[in-house]
file structure11.txt (compact mmCIF, N, CA and C atoms)
# COMPACT_ATOMS: atom_id res chain seq x y z
N MET A 1485 147.50 -188.97 93.86
CA MET A 1485 148.82 -188.38 93.67
C MET A 1485 149.46 -188.04 95.00
N LYS A 1486 148.64 -187.50 95.91
CA LYS A 1486 149.16 -187.13 97.22
C LYS A 1486 149.63 -188.35 98.00
N PHE A 1487 148.92 -189.49 97.83
CA PHE A 1487 149.32 -190.72 98.50
C PHE A 1487 150.71 -191.16 98.04
N PHE A 1488 150.97 -191.09 96.75
CA PHE A 1488 152.27 -191.50 96.22
C PHE A 1488 153.39 -190.58 96.68
N LEU A 1489 153.09 -189.31 96.78
CA LEU A 1489 154.10 -188.37 97.26
C LEU A 1489 154.41 -188.64 98.73
N LYS A 1490 153.39 -188.91 99.52
CA LYS A 1490 153.61 -189.25 100.93
C LYS A 1490 154.37 -190.57 101.05
N LEU A 1491 154.08 -191.49 100.16
CA LEU A 1491 154.79 -192.76 100.16
C LEU A 1491 156.27 -192.57 99.86
N LEU A 1492 156.57 -191.71 98.89
CA LEU A 1492 157.97 -191.42 98.56
C LEU A 1492 158.68 -190.70 99.71
N LEU A 1493 157.98 -189.78 100.37
CA LEU A 1493 158.58 -189.09 101.51
C LEU A 1493 158.83 -190.04 102.67
N THR A 1494 157.92 -190.97 102.89
CA THR A 1494 158.12 -191.97 103.94
C THR A 1494 159.29 -192.88 103.59
N ALA A 1495 159.41 -193.27 102.34
CA ALA A 1495 160.54 -194.09 101.91
C ALA A 1495 161.86 -193.34 102.11
N PHE A 1496 161.85 -192.05 101.81
CA PHE A 1496 163.04 -191.21 102.04
C PHE A 1496 163.40 -191.18 103.53
N ALA A 1497 162.39 -191.05 104.39
CA ALA A 1497 162.63 -191.05 105.84
C ALA A 1497 163.16 -192.40 106.30
N VAL A 1498 162.65 -193.49 105.74
CA VAL A 1498 163.13 -194.83 106.10
C VAL A 1498 164.59 -194.99 105.70
N ILE A 1499 164.96 -194.49 104.54
CA ILE A 1499 166.36 -194.57 104.09
C ILE A 1499 167.27 -193.79 105.03
N ILE A 1500 166.86 -192.60 105.40
CA ILE A 1500 167.68 -191.78 106.31
C ILE A 1500 167.83 -192.47 107.66
N LEU A 1501 166.72 -192.97 108.20
CA LEU A 1501 166.78 -193.61 109.51
C LEU A 1501 167.57 -194.91 109.47
N ALA A 1502 167.51 -195.64 108.37
CA ALA A 1502 168.29 -196.87 108.26
C ALA A 1502 169.78 -196.57 108.24
N ASN A 1503 170.16 -195.41 107.72
CA ASN A 1503 171.57 -195.03 107.71
C ASN A 1503 172.02 -194.45 109.05
N ILE A 1504 171.08 -193.89 109.81
CA ILE A 1504 171.44 -193.27 111.09
C ILE A 1504 171.44 -194.27 112.24
N LEU A 1505 170.38 -195.05 112.35
CA LEU A 1505 170.23 -195.95 113.49
C LEU A 1505 171.06 -197.21 113.29
N PRO A 1506 171.78 -197.64 114.34
CA PRO A 1506 172.65 -198.81 114.19
C PRO A 1506 171.91 -200.15 114.11
N GLY A 1507 170.69 -200.26 114.62
CA GLY A 1507 170.00 -201.55 114.62
C GLY A 1507 169.04 -201.75 113.47
N VAL A 1508 169.07 -200.85 112.49
CA VAL A 1508 168.15 -200.93 111.35
C VAL A 1508 168.96 -201.12 110.08
N ALA A 1509 168.57 -202.12 109.28
CA ALA A 1509 169.27 -202.38 108.02
C ALA A 1509 168.28 -202.41 106.88
N LEU A 1510 168.72 -201.88 105.76
CA LEU A 1510 167.89 -201.78 104.55
C LEU A 1510 168.77 -202.15 103.37
N THR A 1511 168.26 -203.02 102.49
CA THR A 1511 169.13 -203.49 101.40
C THR A 1511 169.24 -202.50 100.24
N ASN A 1512 168.10 -201.91 99.82
CA ASN A 1512 168.15 -200.98 98.69
C ASN A 1512 166.97 -200.03 98.73
N TYR A 1513 166.88 -199.16 97.73
CA TYR A 1513 165.84 -198.14 97.69
C TYR A 1513 164.46 -198.73 97.40
N VAL A 1514 164.42 -199.77 96.61
CA VAL A 1514 163.14 -200.42 96.31
C VAL A 1514 162.56 -201.02 97.59
N THR A 1515 163.42 -201.57 98.42
CA THR A 1515 162.96 -202.11 99.70
C THR A 1515 162.40 -201.00 100.57
N ALA A 1516 162.99 -199.82 100.51
CA ALA A 1516 162.47 -198.69 101.28
C ALA A 1516 161.06 -198.32 100.81
N LEU A 1517 160.81 -198.36 99.52
CA LEU A 1517 159.47 -198.10 99.00
C LEU A 1517 158.49 -199.17 99.46
N ILE A 1518 158.93 -200.42 99.46
CA ILE A 1518 158.07 -201.52 99.92
C ILE A 1518 157.79 -201.38 101.41
N VAL A 1519 158.79 -200.99 102.19
CA VAL A 1519 158.60 -200.77 103.62
C VAL A 1519 157.61 -199.63 103.86
N ALA A 1520 157.74 -198.56 103.11
CA ALA A 1520 156.82 -197.43 103.26
C ALA A 1520 155.40 -197.84 102.92
N PHE A 1521 155.22 -198.62 101.87
CA PHE A 1521 153.89 -199.10 101.49
C PHE A 1521 153.34 -200.05 102.54
N THR A 1522 154.19 -200.95 103.06
CA THR A 1522 153.76 -201.89 104.09
C THR A 1522 153.35 -201.17 105.36
N ILE A 1523 154.11 -200.17 105.76
CA ILE A 1523 153.77 -199.40 106.96
C ILE A 1523 152.44 -198.68 106.75
N ALA A 1524 152.22 -198.15 105.55
CA ALA A 1524 150.95 -197.47 105.27
C ALA A 1524 149.78 -198.44 105.36
N ILE A 1525 149.92 -199.62 104.80
CA ILE A 1525 148.85 -200.62 104.86
C ILE A 1525 148.62 -201.09 106.29
N LEU A 1526 149.70 -201.33 107.03
CA LEU A 1526 149.55 -201.76 108.43
C LEU A 1526 148.91 -200.67 109.28
N ASN A 1527 149.24 -199.42 108.99
CA ASN A 1527 148.62 -198.32 109.73
C ASN A 1527 147.14 -198.19 109.42
N MET A 1528 146.73 -198.56 108.22
CA MET A 1528 145.32 -198.48 107.85
C MET A 1528 144.51 -199.66 108.40
N ILE A 1529 145.11 -200.83 108.46
CA ILE A 1529 144.35 -202.03 108.81
C ILE A 1529 144.61 -202.50 110.25
N VAL A 1530 145.88 -202.70 110.60
CA VAL A 1530 146.21 -203.33 111.88
C VAL A 1530 146.18 -202.33 113.04
N ARG A 1531 146.64 -201.11 112.81
CA ARG A 1531 146.75 -200.14 113.89
C ARG A 1531 145.41 -199.83 114.57
N PRO A 1532 144.32 -199.61 113.82
CA PRO A 1532 143.04 -199.37 114.51
C PRO A 1532 142.58 -200.56 115.36
N ILE A 1533 142.86 -201.77 114.89
CA ILE A 1533 142.49 -202.96 115.66
C ILE A 1533 143.30 -203.02 116.96
N LEU A 1534 144.61 -202.76 116.85
CA LEU A 1534 145.45 -202.77 118.06
C LEU A 1534 145.03 -201.67 119.03
N ILE A 1535 144.70 -200.51 118.52
CA ILE A 1535 144.27 -199.41 119.39
C ILE A 1535 142.97 -199.79 120.10
N PHE A 1536 142.05 -200.42 119.37
CA PHE A 1536 140.78 -200.82 119.99
C PHE A 1536 141.00 -201.81 121.12
N PHE A 1537 141.83 -202.84 120.88
CA PHE A 1537 142.02 -203.87 121.89
C PHE A 1537 142.89 -203.42 123.07
N THR A 1538 143.71 -202.40 122.86
CA THR A 1538 144.57 -201.91 123.95
C THR A 1538 144.10 -200.56 124.49
N LEU A 1539 142.85 -200.24 124.26
CA LEU A 1539 142.32 -198.95 124.71
C LEU A 1539 142.46 -198.72 126.22
N PRO A 1540 142.19 -199.73 127.06
CA PRO A 1540 142.39 -199.49 128.50
C PRO A 1540 143.84 -199.14 128.86
N ALA A 1541 144.78 -199.85 128.25
CA ALA A 1541 146.20 -199.55 128.51
C ALA A 1541 146.57 -198.17 128.00
N THR A 1542 146.01 -197.78 126.88
CA THR A 1542 146.28 -196.45 126.32
C THR A 1542 145.72 -195.36 127.23
N ILE A 1543 144.55 -195.58 127.77
CA ILE A 1543 143.94 -194.60 128.66
C ILE A 1543 144.73 -194.49 129.96
N VAL A 1544 145.12 -195.62 130.53
CA VAL A 1544 145.86 -195.61 131.80
C VAL A 1544 147.22 -194.92 131.63
N THR A 1545 147.87 -195.12 130.49
CA THR A 1545 149.19 -194.51 130.27
C THR A 1545 149.10 -193.14 129.62
N LEU A 1546 147.89 -192.60 129.52
CA LEU A 1546 147.65 -191.28 128.94
C LEU A 1546 148.16 -191.17 127.51
N GLY A 1547 147.99 -192.24 126.74
CA GLY A 1547 148.36 -192.24 125.34
C GLY A 1547 149.77 -192.70 125.03
N LEU A 1548 150.59 -192.93 126.04
CA LEU A 1548 151.97 -193.34 125.79
C LEU A 1548 152.05 -194.76 125.22
N PHE A 1549 151.02 -195.56 125.43
CA PHE A 1549 151.03 -196.92 124.88
C PHE A 1549 150.96 -196.90 123.35
N LEU A 1550 150.56 -195.79 122.77
CA LEU A 1550 150.54 -195.69 121.31
C LEU A 1550 151.95 -195.81 120.72
N PHE A 1551 152.96 -195.42 121.49
CA PHE A 1551 154.35 -195.62 121.04
C PHE A 1551 154.65 -197.11 120.90
N VAL A 1552 154.14 -197.90 121.83
CA VAL A 1552 154.33 -199.35 121.77
C VAL A 1552 153.62 -199.92 120.53
N ILE A 1553 152.42 -199.42 120.24
CA ILE A 1553 151.69 -199.88 119.06
C ILE A 1553 152.46 -199.52 117.79
N ASN A 1554 153.04 -198.34 117.74
CA ASN A 1554 153.86 -197.95 116.58
C ASN A 1554 155.07 -198.87 116.43
N ALA A 1555 155.70 -199.24 117.54
CA ALA A 1555 156.84 -200.16 117.49
C ALA A 1555 156.40 -201.54 117.00
N ILE A 1556 155.22 -201.97 117.40
CA ILE A 1556 154.70 -203.26 116.92
C ILE A 1556 154.47 -203.21 115.41
N ILE A 1557 153.99 -202.09 114.91
CA ILE A 1557 153.80 -201.94 113.46
C ILE A 1557 155.15 -202.05 112.73
N ILE A 1558 156.19 -201.45 113.29
CA ILE A 1558 157.53 -201.53 112.67
C ILE A 1558 158.04 -202.96 112.71
N ILE A 1559 157.82 -203.67 113.81
CA ILE A 1559 158.26 -205.06 113.91
C ILE A 1559 157.49 -205.92 112.90
N LEU A 1560 156.20 -205.66 112.73
CA LEU A 1560 155.43 -206.40 111.72
C LEU A 1560 155.96 -206.12 110.31
N ALA A 1561 156.32 -204.88 110.04
CA ALA A 1561 156.91 -204.55 108.74
C ALA A 1561 158.24 -205.28 108.55
N ASP A 1562 159.00 -205.41 109.64
CA ASP A 1562 160.26 -206.14 109.59
C ASP A 1562 160.02 -207.60 109.22
N LYS A 1563 158.98 -208.19 109.78
CA LYS A 1563 158.68 -209.59 109.50
C LYS A 1563 158.13 -209.79 108.09
N LEU A 1564 157.42 -208.81 107.57
CA LEU A 1564 156.77 -208.97 106.27
C LEU A 1564 157.68 -208.62 105.09
N VAL A 1565 158.63 -207.73 105.26
CA VAL A 1565 159.45 -207.25 104.14
C VAL A 1565 160.85 -207.83 104.24
N GLN A 1566 161.23 -208.57 103.21
CA GLN A 1566 162.60 -209.10 103.17
C GLN A 1566 163.54 -207.97 102.77
N GLY A 1567 164.67 -207.90 103.44
CA GLY A 1567 165.63 -206.84 103.15
C GLY A 1567 165.53 -205.68 104.11
N PHE A 1568 164.59 -205.72 105.04
CA PHE A 1568 164.43 -204.70 106.07
C PHE A 1568 164.47 -205.40 107.41
N THR A 1569 165.46 -205.04 108.23
CA THR A 1569 165.57 -205.68 109.54
C THR A 1569 165.69 -204.62 110.63
N VAL A 1570 165.05 -204.91 111.74
CA VAL A 1570 165.12 -204.07 112.93
C VAL A 1570 165.51 -205.00 114.07
N ASN A 1571 166.59 -204.67 114.76
CA ASN A 1571 167.10 -205.53 115.82
C ASN A 1571 166.49 -205.14 117.16
N GLY A 1572 165.41 -205.79 117.54
CA GLY A 1572 164.85 -205.62 118.86
C GLY A 1572 163.74 -204.60 118.96
N PHE A 1573 163.03 -204.71 120.09
CA PHE A 1573 161.87 -203.85 120.33
C PHE A 1573 162.29 -202.41 120.58
N PHE A 1574 163.34 -202.20 121.34
CA PHE A 1574 163.77 -200.84 121.68
C PHE A 1574 164.20 -200.08 120.42
N THR A 1575 164.89 -200.77 119.51
CA THR A 1575 165.27 -200.14 118.25
C THR A 1575 164.04 -199.80 117.42
N ALA A 1576 163.04 -200.70 117.42
CA ALA A 1576 161.80 -200.43 116.69
C ALA A 1576 161.07 -199.25 117.31
N LEU A 1577 161.13 -199.12 118.63
CA LEU A 1577 160.49 -197.99 119.31
C LEU A 1577 161.15 -196.67 118.91
N ILE A 1578 162.47 -196.64 118.94
CA ILE A 1578 163.20 -195.43 118.54
C ILE A 1578 162.95 -195.12 117.07
N PHE A 1579 162.97 -196.17 116.23
CA PHE A 1579 162.72 -195.98 114.80
C PHE A 1579 161.34 -195.40 114.56
N SER A 1580 160.33 -195.92 115.26
CA SER A 1580 158.97 -195.43 115.04
C SER A 1580 158.80 -193.99 115.49
N VAL A 1581 159.43 -193.63 116.61
CA VAL A 1581 159.34 -192.24 117.08
C VAL A 1581 160.03 -191.30 116.10
N LEU A 1582 161.23 -191.65 115.66
CA LEU A 1582 161.95 -190.81 114.72
C LEU A 1582 161.26 -190.75 113.35
N LEU A 1583 160.67 -191.87 112.93
CA LEU A 1583 159.93 -191.88 111.68
C LEU A 1583 158.72 -190.95 111.76
N SER A 1584 158.05 -190.95 112.89
CA SER A 1584 156.91 -190.04 113.06
C SER A 1584 157.34 -188.58 113.00
N ILE A 1585 158.47 -188.28 113.62
CA ILE A 1585 158.98 -186.91 113.61
C ILE A 1585 159.38 -186.49 112.20
N PHE A 1586 160.12 -187.37 111.49
CA PHE A 1586 160.52 -187.06 110.12
C PHE A 1586 159.31 -186.90 109.21
N ARG A 1587 158.34 -187.80 109.33
CA ARG A 1587 157.15 -187.71 108.48
C ARG A 1587 156.38 -186.43 108.76
N SER A 1588 156.26 -186.05 110.02
CA SER A 1588 155.55 -184.81 110.35
C SER A 1588 156.24 -183.61 109.72
N PHE A 1589 157.57 -183.59 109.81
CA PHE A 1589 158.33 -182.49 109.22
C PHE A 1589 158.18 -182.47 107.70
N LEU A 1590 158.34 -183.63 107.05
CA LEU A 1590 158.26 -183.68 105.59
C LEU A 1590 156.86 -183.38 105.10
N PHE A 1591 155.83 -183.87 105.81
CA PHE A 1591 154.46 -183.60 105.38
C PHE A 1591 154.09 -182.15 105.60
N SER A 1592 154.69 -181.50 106.61
CA SER A 1592 154.43 -180.07 106.81
C SER A 1592 155.02 -179.26 105.66
N LEU A 1593 156.16 -179.69 105.13
CA LEU A 1593 156.73 -179.03 103.95
C LEU A 1593 155.81 -179.20 102.75
N LEU A 1594 155.18 -180.35 102.66
CA LEU A 1594 154.25 -180.61 101.57
C LEU A 1594 153.03 -179.70 101.67
N LYS A 1595 152.54 -179.47 102.87
CA LYS A 1595 151.38 -178.59 103.06
C LYS A 1595 151.72 -177.14 102.75
N GLU A 1596 152.94 -176.70 103.09
CA GLU A 1596 153.35 -175.33 102.79
C GLU A 1596 153.41 -175.10 101.29
N GLU A 1597 153.91 -176.08 100.54
CA GLU A 1597 153.98 -175.94 99.09
C GLU A 1597 152.57 -175.86 98.50
N LYS A 1598 151.64 -176.62 99.06
CA LYS A 1598 150.28 -176.63 98.55
C LYS A 1598 149.60 -175.29 98.81
N SER A 1599 149.86 -174.67 99.96
CA SER A 1599 149.21 -173.42 100.29
C SER A 1599 149.76 -172.25 99.44
N LYS A 1600 150.97 -172.38 98.91
CA LYS A 1600 151.54 -171.32 98.08
C LYS A 1600 150.91 -171.28 96.70
N GLU A 1601 150.36 -172.39 96.25
CA GLU A 1601 149.80 -172.45 94.89
C GLU A 1601 148.51 -171.71 94.77

call {"tool": "encode", "arguments": {"input": "structure11.txt", "output": "structure tokens"}}
result
Amino acid sequence: MKFFLKLLLTAFAVIILANILPGVALTNYVTALIVAFTIAILNMIVRPILIFFTLPATIVTLGLFLFVINAIIIILADKLVQGFTVNGFFTALIFSVLLSIFRSFLFSLLKEEKSKE
């Protein structure tokens, strides 16, 4: 249940960012759900592999290379999901940073509600 709620919150964040950022386009709400699911799957499977192979670069840049890995995940989601487009690497980088910030904020609201129960 918690996974589906996080998926819906991520889809909500994708919709907001697609409306705010000029280089990101989204066709409909169903596509936002598919993008959220694709990003979740890519984060579970591809991201650890990328982190492993780019570990020296991540260490040298003191972790800043993880932003590049997040942008690569967004570009992969762009290639895999029809109806979701991101124009360029820099836009994907900004999108990934803002998505991380939105998700952190929304997930913190989810944790506060859980602690009240």

call {"tool": "residues_around", "arguments": {"input": "structure11.txt", "residues": "stretch 1565-1574 of chain A", "least_positions_apart": "4", "cutoff": "6.5 Å", "atoms": "all atoms listed in the file", "output": "tab-separated table (two decimals) with N, CA and C atoms, in the frame of the given file"}}
result
chain	number	residue	atom	x	y	z
A	1507	GLY	N	170.69	-200.26	114.62
A	1507	GLY	CA	170.00	-201.55	114.62
A	1507	GLY	C	169.04	-201.75	113.47
A	1508	VAL	N	169.07	-200.85	112.49
A	1508	VAL	CA	168.15	-200.93	111.35
A	1508	VAL	C	168.96	-201.12	110.08
A	1509	ALA	N	168.57	-202.12	109.28
A	1509	ALA	CA	169.27	-202.38	108.02
A	1509	ALA	C	168.28	-202.41	106.88
A	1510	LEU	N	168.72	-201.88	105.76
A	1510	LEU	CA	167.89	-201.78	104.55
A	1510	LEU	C	168.77	-202.15	103.37
A	1511	THR	N	168.26	-203.02	102.49
A	1511	THR	CA	169.13	-203.49	101.40
A	1511	THR	C	169.24	-202.50	100.24
A	1512	ASN	N	168.10	-201.91	99.82
A	1512	ASN	CA	168.15	-200.98	98.69
A	1512	ASN	C	166.97	-200.03	98.73
A	1515	THR	N	163.42	-201.57	98.42
A	1515	THR	CA	162.96	-202.11	99.70
A	1515	THR	C	162.40	-201.00	100.57
A	1560	LEU	N	156.20	-205.66	112.73
A	1560	LEU	CA	155.43	-206.40	111.72
A	1560	LEU	C	155.96	-206.12	110.31
A	1561	ALA	N	156.32	-204.88	110.04
A	1561	ALA	CA	156.91	-204.55	108.74
A	1561	ALA	C	158.24	-205.28	108.55
A	1578	ILE	N	162.47	-196.64	118.94
A	1578	ILE	CA	163.20	-195.43	118.54
A	1578	ILE	C	162.95	-195.12	117.07
A	1579	PHE	N	162.97	-196.17	116.23
A	1579	PHE	CA	162.72	-195.98	114.80
A	1579	PHE	C	161.34	-195.40	114.56

call {"tool": "select_by_dssp", "arguments": {"input": "structure11.txt", "residues": "chain A", "states": "strand (DSSP E or B)", "output": "PDB file with N, CA and C atoms, in the frame of the given file"}}
result
ATOM      1  N   VAL A1508     169.070-200.850 112.490  1.00  0.00           N
ATOM      2  CA  VAL A1508     168.150-200.930 111.350  1.00  0.00           C
ATOM      3  C   VAL A1508     168.960-201.120 110.080  1.00  0.00           C
ATOM      4  N   ALA A1509     168.570-202.120 109.280  1.00  0.00           N
ATOM      5  CA  ALA A1509     169.270-202.380 108.020  1.00  0.00           C
ATOM      6  C   ALA A1509     168.280-202.410 106.880  1.00  0.00           C
ATOM      7  N   LEU A1510     168.720-201.880 105.760  1.00  0.00           N
ATOM      8  CA  LEU A1510     167.890-201.780 104.550  1.00  0.00           C
ATOM      9  C   LEU A1510     168.770-202.150 103.370  1.00  0.00           C
ATOM     10  N   PHE A1568     164.590-205.720 105.040  1.00  0.00           N
ATOM     11  CA  PHE A1568     164.430-204.700 106.070  1.00  0.00           C
ATOM     12  C   PHE A1568     164.470-205.400 107.410  1.00  0.00           C
ATOM     13  N   THR A1569     165.460-205.040 108.230  1.00  0.00           N
ATOM     14  CA  THR A1569     165.570-205.680 109.540  1.00  0.00           C
ATOM     15  C   THR A1569     165.690-204.620 110.630  1.00  0.00           C
ATOM     16  N   VAL A1570     165.050-204.910 111.740  1.00  0.00           N
ATOM     17  CA  VAL A1570     165.120-204.070 112.930  1.00  0.00           C
ATOM     18  C   VAL A1570     165.510-205.000 114.070  1.00  0.00           C
TER      19      VAL A1570
END

call {"tool": "select_by_dssp", "arguments": {"input": "structure11.txt", "residues": "stretch 1490-1534 of chain A", "states": "helix (DSSP H, G or I)", "output": "PyMOL selection string"}}
result
chain A and resi 1490-1504+1513-1534

call {"tool": "write_last_selection", "arguments": {"input": "structure11.txt", "atoms": "N, CA and C atoms", "output": "short mmCIF file (atom, residue, chain, number, x, y, z; two decimals), keeping the file's coordinate frame"}}
result
data_model
loop_
_atom_site.label_atom_id
_atom_site.label_comp_id
_atom_site.auth_asym_id
_atom_site.auth_seq_id
_atom_site.Cartn_x
_atom_site.Cartn_y
_atom_site.Cartn_z
N LYS A 1490 153.39 -188.91 99.52
CA LYS A 1490 153.61 -189.25 100.93
C LYS A 1490 154.37 -190.57 101.05
N LEU A 1491 154.08 -191.49 100.16
CA LEU A 1491 154.79 -192.76 100.16
C LEU A 1491 156.27 -192.57 99.86
N LEU A 1492 156.57 -191.71 98.89
CA LEU A 1492 157.97 -191.42 98.56
C LEU A 1492 158.68 -190.70 99.71
N LEU A 1493 157.98 -189.78 100.37
CA LEU A 1493 158.58 -189.09 101.51
C LEU A 1493 158.83 -190.04 102.67
N THR A 1494 157.92 -190.97 102.89
CA THR A 1494 158.12 -191.97 103.94
C THR A 1494 159.29 -192.88 103.59
N ALA A 1495 159.41 -193.27 102.34
CA ALA A 1495 160.54 -194.09 101.91
C ALA A 1495 161.86 -193.34 102.11
N PHE A 1496 161.85 -192.05 101.81
CA PHE A 1496 163.04 -191.21 102.04
C PHE A 1496 163.40 -191.18 103.53
N ALA A 1497 162.39 -191.05 104.39
CA ALA A 1497 162.63 -191.05 105.84
C ALA A 1497 163.16 -192.40 106.30
N VAL A 1498 162.65 -193.49 105.74
CA VAL A 1498 163.13 -194.83 106.10
C VAL A 1498 164.59 -194.99 105.70
N ILE A 1499 164.96 -194.49 104.54
CA ILE A 1499 166.36 -194.57 104.09
C ILE A 1499 167.27 -193.79 105.03
N ILE A 1500 166.86 -192.60 105.40
CA ILE A 1500 167.68 -191.78 106.31
C ILE A 1500 167.83 -192.47 107.66
N LEU A 1501 166.72 -192.97 108.20
CA LEU A 1501 166.78 -193.61 109.51
C LEU A 1501 167.57 -194.91 109.47
N ALA A 1502 167.51 -195.64 108.37
CA ALA A 1502 168.29 -196.87 108.26
C ALA A 1502 169.78 -196.57 108.24
N ASN A 1503 170.16 -195.41 107.72
CA ASN A 1503 171.57 -195.03 107.71
C ASN A 1503 172.02 -194.45 109.05
N ILE A 1504 171.08 -193.89 109.81
CA ILE A 1504 171.44 -193.27 111.09
C ILE A 1504 171.44 -194.27 112.24
N TYR A 1513 166.88 -199.16 97.73
CA TYR A 1513 165.84 -198.14 97.69
C TYR A 1513 164.46 -198.73 97.40
N VAL A 1514 164.42 -199.77 96.61
CA VAL A 1514 163.14 -200.42 96.31
C VAL A 1514 162.56 -201.02 97.59
N THR A 1515 163.42 -201.57 98.42
CA THR A 1515 162.96 -202.11 99.70
C THR A 1515 162.40 -201.00 100.57
N ALA A 1516 162.99 -199.82 100.51
CA ALA A 1516 162.47 -198.69 101.28
C ALA A 1516 161.06 -198.32 100.81
N LEU A 1517 160.81 -198.36 99.52
CA LEU A 1517 159.47 -198.10 99.00
C LEU A 1517 158.49 -199.17 99.46
N ILE A 1518 158.93 -200.42 99.46
CA ILE A 1518 158.07 -201.52 99.92
C ILE A 1518 157.79 -201.38 101.41
N VAL A 1519 158.79 -200.99 102.19
CA VAL A 1519 158.60 -200.77 103.62
C VAL A 1519 157.61 -199.63 103.86
N ALA A 1520 157.74 -198.56 103.11
CA ALA A 1520 156.82 -197.43 103.26
C ALA A 1520 155.40 -197.84 102.92
N PHE A 1521 155.22 -198.62 101.87
CA PHE A 1521 153.89 -199.10 101.49
C PHE A 1521 153.34 -200.05 102.54
N THR A 1522 154.19 -200.95 103.06
CA THR A 1522 153.76 -201.89 104.09
C THR A 1522 153.35 -201.17 105.36
N ILE A 1523 154.11 -200.17 105.76
CA ILE A 1523 153.77 -199.40 106.96
C ILE A 1523 152.44 -198.68 106.75
N ALA A 1524 152.22 -198.15 105.55
CA ALA A 1524 150.95 -197.47 105.27
C ALA A 1524 149.78 -198.44 105.36
N ILE A 1525 149.92 -199.62 104.80
CA ILE A 1525 148.85 -200.62 104.86
C ILE A 1525 148.62 -201.09 106.29
N LEU A 1526 149.70 -201.33 107.03
CA LEU A 1526 149.55 -201.76 108.43
C LEU A 1526 148.91 -200.67 109.28
N ASN A 1527 149.24 -199.42 108.99
CA ASN A 1527 148.62 -198.32 109.73
C ASN A 1527 147.14 -198.19 109.42
N MET A 1528 146.73 -198.56 108.22
CA MET A 1528 145.32 -198.48 107.85
C MET A 1528 144.51 -199.66 108.40
N ILE A 1529 145.11 -200.83 108.46
CA ILE A 1529 144.35 -202.03 108.81
C ILE A 1529 144.61 -202.50 110.25
N VAL A 1530 145.88 -202.70 110.60
CA VAL A 1530 146.21 -203.33 111.88
C VAL A 1530 146.18 -202.33 113.04
N ARG A 1531 146.64 -201.11 112.81
CA ARG A 1531 146.75 -200.14 113.89
C ARG A 1531 145.41 -199.83 114.57
N PRO A 1532 144.32 -199.61 113.82
CA PRO A 1532 143.04 -199.37 114.51
C PRO A 1532 142.58 -200.56 115.36
N ILE A 1533 142.86 -201.77 114.89
CA ILE A 1533 142.49 -202.96 115.66
C ILE A 1533 143.30 -203.02 116.96
N LEU A 1534 144.61 -202.76 116.85
CA LEU A 1534 145.45 -202.77 118.06
C LEU A 1534 145.03 -201.67 119.03
#

call {"tool": "residues_around", "arguments": {"input": "structure11.txt", "residues": "A:Ile1499", "least_positions_apart": "5", "cutoff": "8 Å", "atoms": "all atoms listed in the file", "output": "PyMOL selection string"}}
result
chain A and resi 1493-1494+1504+1510+1512-1513+1516-1517

call {"tool": "residues_around", "arguments": {"input": "structure11.txt", "residues": "A:Lys1490", "least_positions_apart": "2", "cutoff": "10 Å", "atoms": "only C-alpha atoms", "output": "list in words"}}
result
Met1485, Lys1486, Phe1487, Phe1488, Leu1492, Leu1493, Thr1494, Ala1495, Phe1496, Ala1520, Phe1521, Ala1524, Arg1587, Leu1590, Phe1591 and Leu1594 of chain A

call {"tool": "closest_residue", "arguments": {"input": "structure11.txt", "among": "A:Leu1534, A:Ile1557, A:Leu1546, A:Ile1518", "to": "A:Ala1576", "atoms": "only N, CA and C atoms"}}
result
A:Ile1557

call {"tool": "closest_residue", "arguments": {"input": "structure11.txt", "among": "A:Leu1489, A:Ile1556, A:Leu1505, A:Ile1523", "to": "A:Thr1575", "atoms": "only C-alpha atoms"}}
result
A:Leu1505

call {"tool": "closest_residue", "arguments": {"input": "structure11.txt", "among": "A:Leu1526, A:Ala1502, A:Leu1577, A:Ile1533", "to": "A:Phe1551", "atoms": "all atoms listed in the file"}}
result
A:Leu1577

call {"tool": "atom_distance", "arguments": {"input": "structure11.txt", "atom1": "atom CA of A:Phe1586", "atom2": "atom CA of A:Val1498"}}
result
9.1 Å

call {"tool": "axis_aligned_box", "arguments": {"input": "structure11.txt", "around": "stretch 1548-1551 of chain A", "padding_each_side": "6 Å", "output": "JSON"}}
result
{"center_x": 152.6, "center_y": -195.0, "center_z": 123.4, "size_x": 16.1, "size_y": 16.2, "size_z": 17.3}

call {"tool": "atom_distance", "arguments": {"input": "structure11.txt", "atom1": "atom C of A:Pro1540", "atom2": "atom N of A:Ile1585"}}
result
23.8 Å

call {"tool": "atom_distance", "arguments": {"input": "structure11.txt", "atom1": "atom C of A:Ile1553", "atom2": "atom N of A:Phe1537"}}
result
11.6 Å

call {"tool": "closest_residue", "arguments": {"input": "structure11.txt", "among": "A:Ile1543, A:Leu1550, A:Ile1525, A:Ile1535", "to": "A:Leu1564", "atoms": "only C-alpha atoms"}}
result
A:Ile1525

call {"tool": "decode", "arguments": {"input": "structure11.txt", "residues": "stretch 1536-1552 of chain A", "atoms": "C-alpha atoms", "output": "mmCIF file, in the first residue's frame"}}
result
data_model
loop_
_atom_site.group_PDB
_atom_site.id
_atom_site.type_symbol
_atom_site.label_atom_id
_atom_site.label_comp_id
_atom_site.auth_asym_id
_atom_site.auth_seq_id
_atom_site.Cartn_x
_atom_site.Cartn_y
_atom_site.Cartn_z
ATOM 1 C CA PHE A 1536 28.820 0.736 -8.966
ATOM 2 C CA PHE A 1537 30.471 1.437 -12.327
ATOM 3 C CA THR A 1538 30.900 5.167 -11.658
ATOM 4 C CA LEU A 1539 32.074 4.830 -8.066
ATOM 5 C CA PRO A 1540 35.504 6.405 -8.720
ATOM 6 C CA ALA A 1541 33.896 9.454 -10.347
ATOM 7 C CA THR A 1542 31.421 9.701 -7.480
ATOM 8 C CA ILE A 1543 34.215 9.593 -4.914
ATOM 9 C CA VAL A 1544 36.342 12.178 -6.734
ATOM 10 C CA THR A 1545 33.389 14.578 -7.049
ATOM 11 C CA LEU A 1546 32.352 13.970 -3.421
ATOM 12 C CA GLY A 1547 28.993 12.540 -4.459
ATOM 13 C CA LEU A 1548 28.025 15.226 -6.962
ATOM 14 C CA PHE A 1549 28.187 12.696 -9.799
ATOM 15 C CA LEU A 1550 25.016 11.153 -8.355
ATOM 16 C CA PHE A 1551 23.142 14.119 -9.848
ATOM 17 C CA VAL A 1552 24.388 13.008 -13.265
#
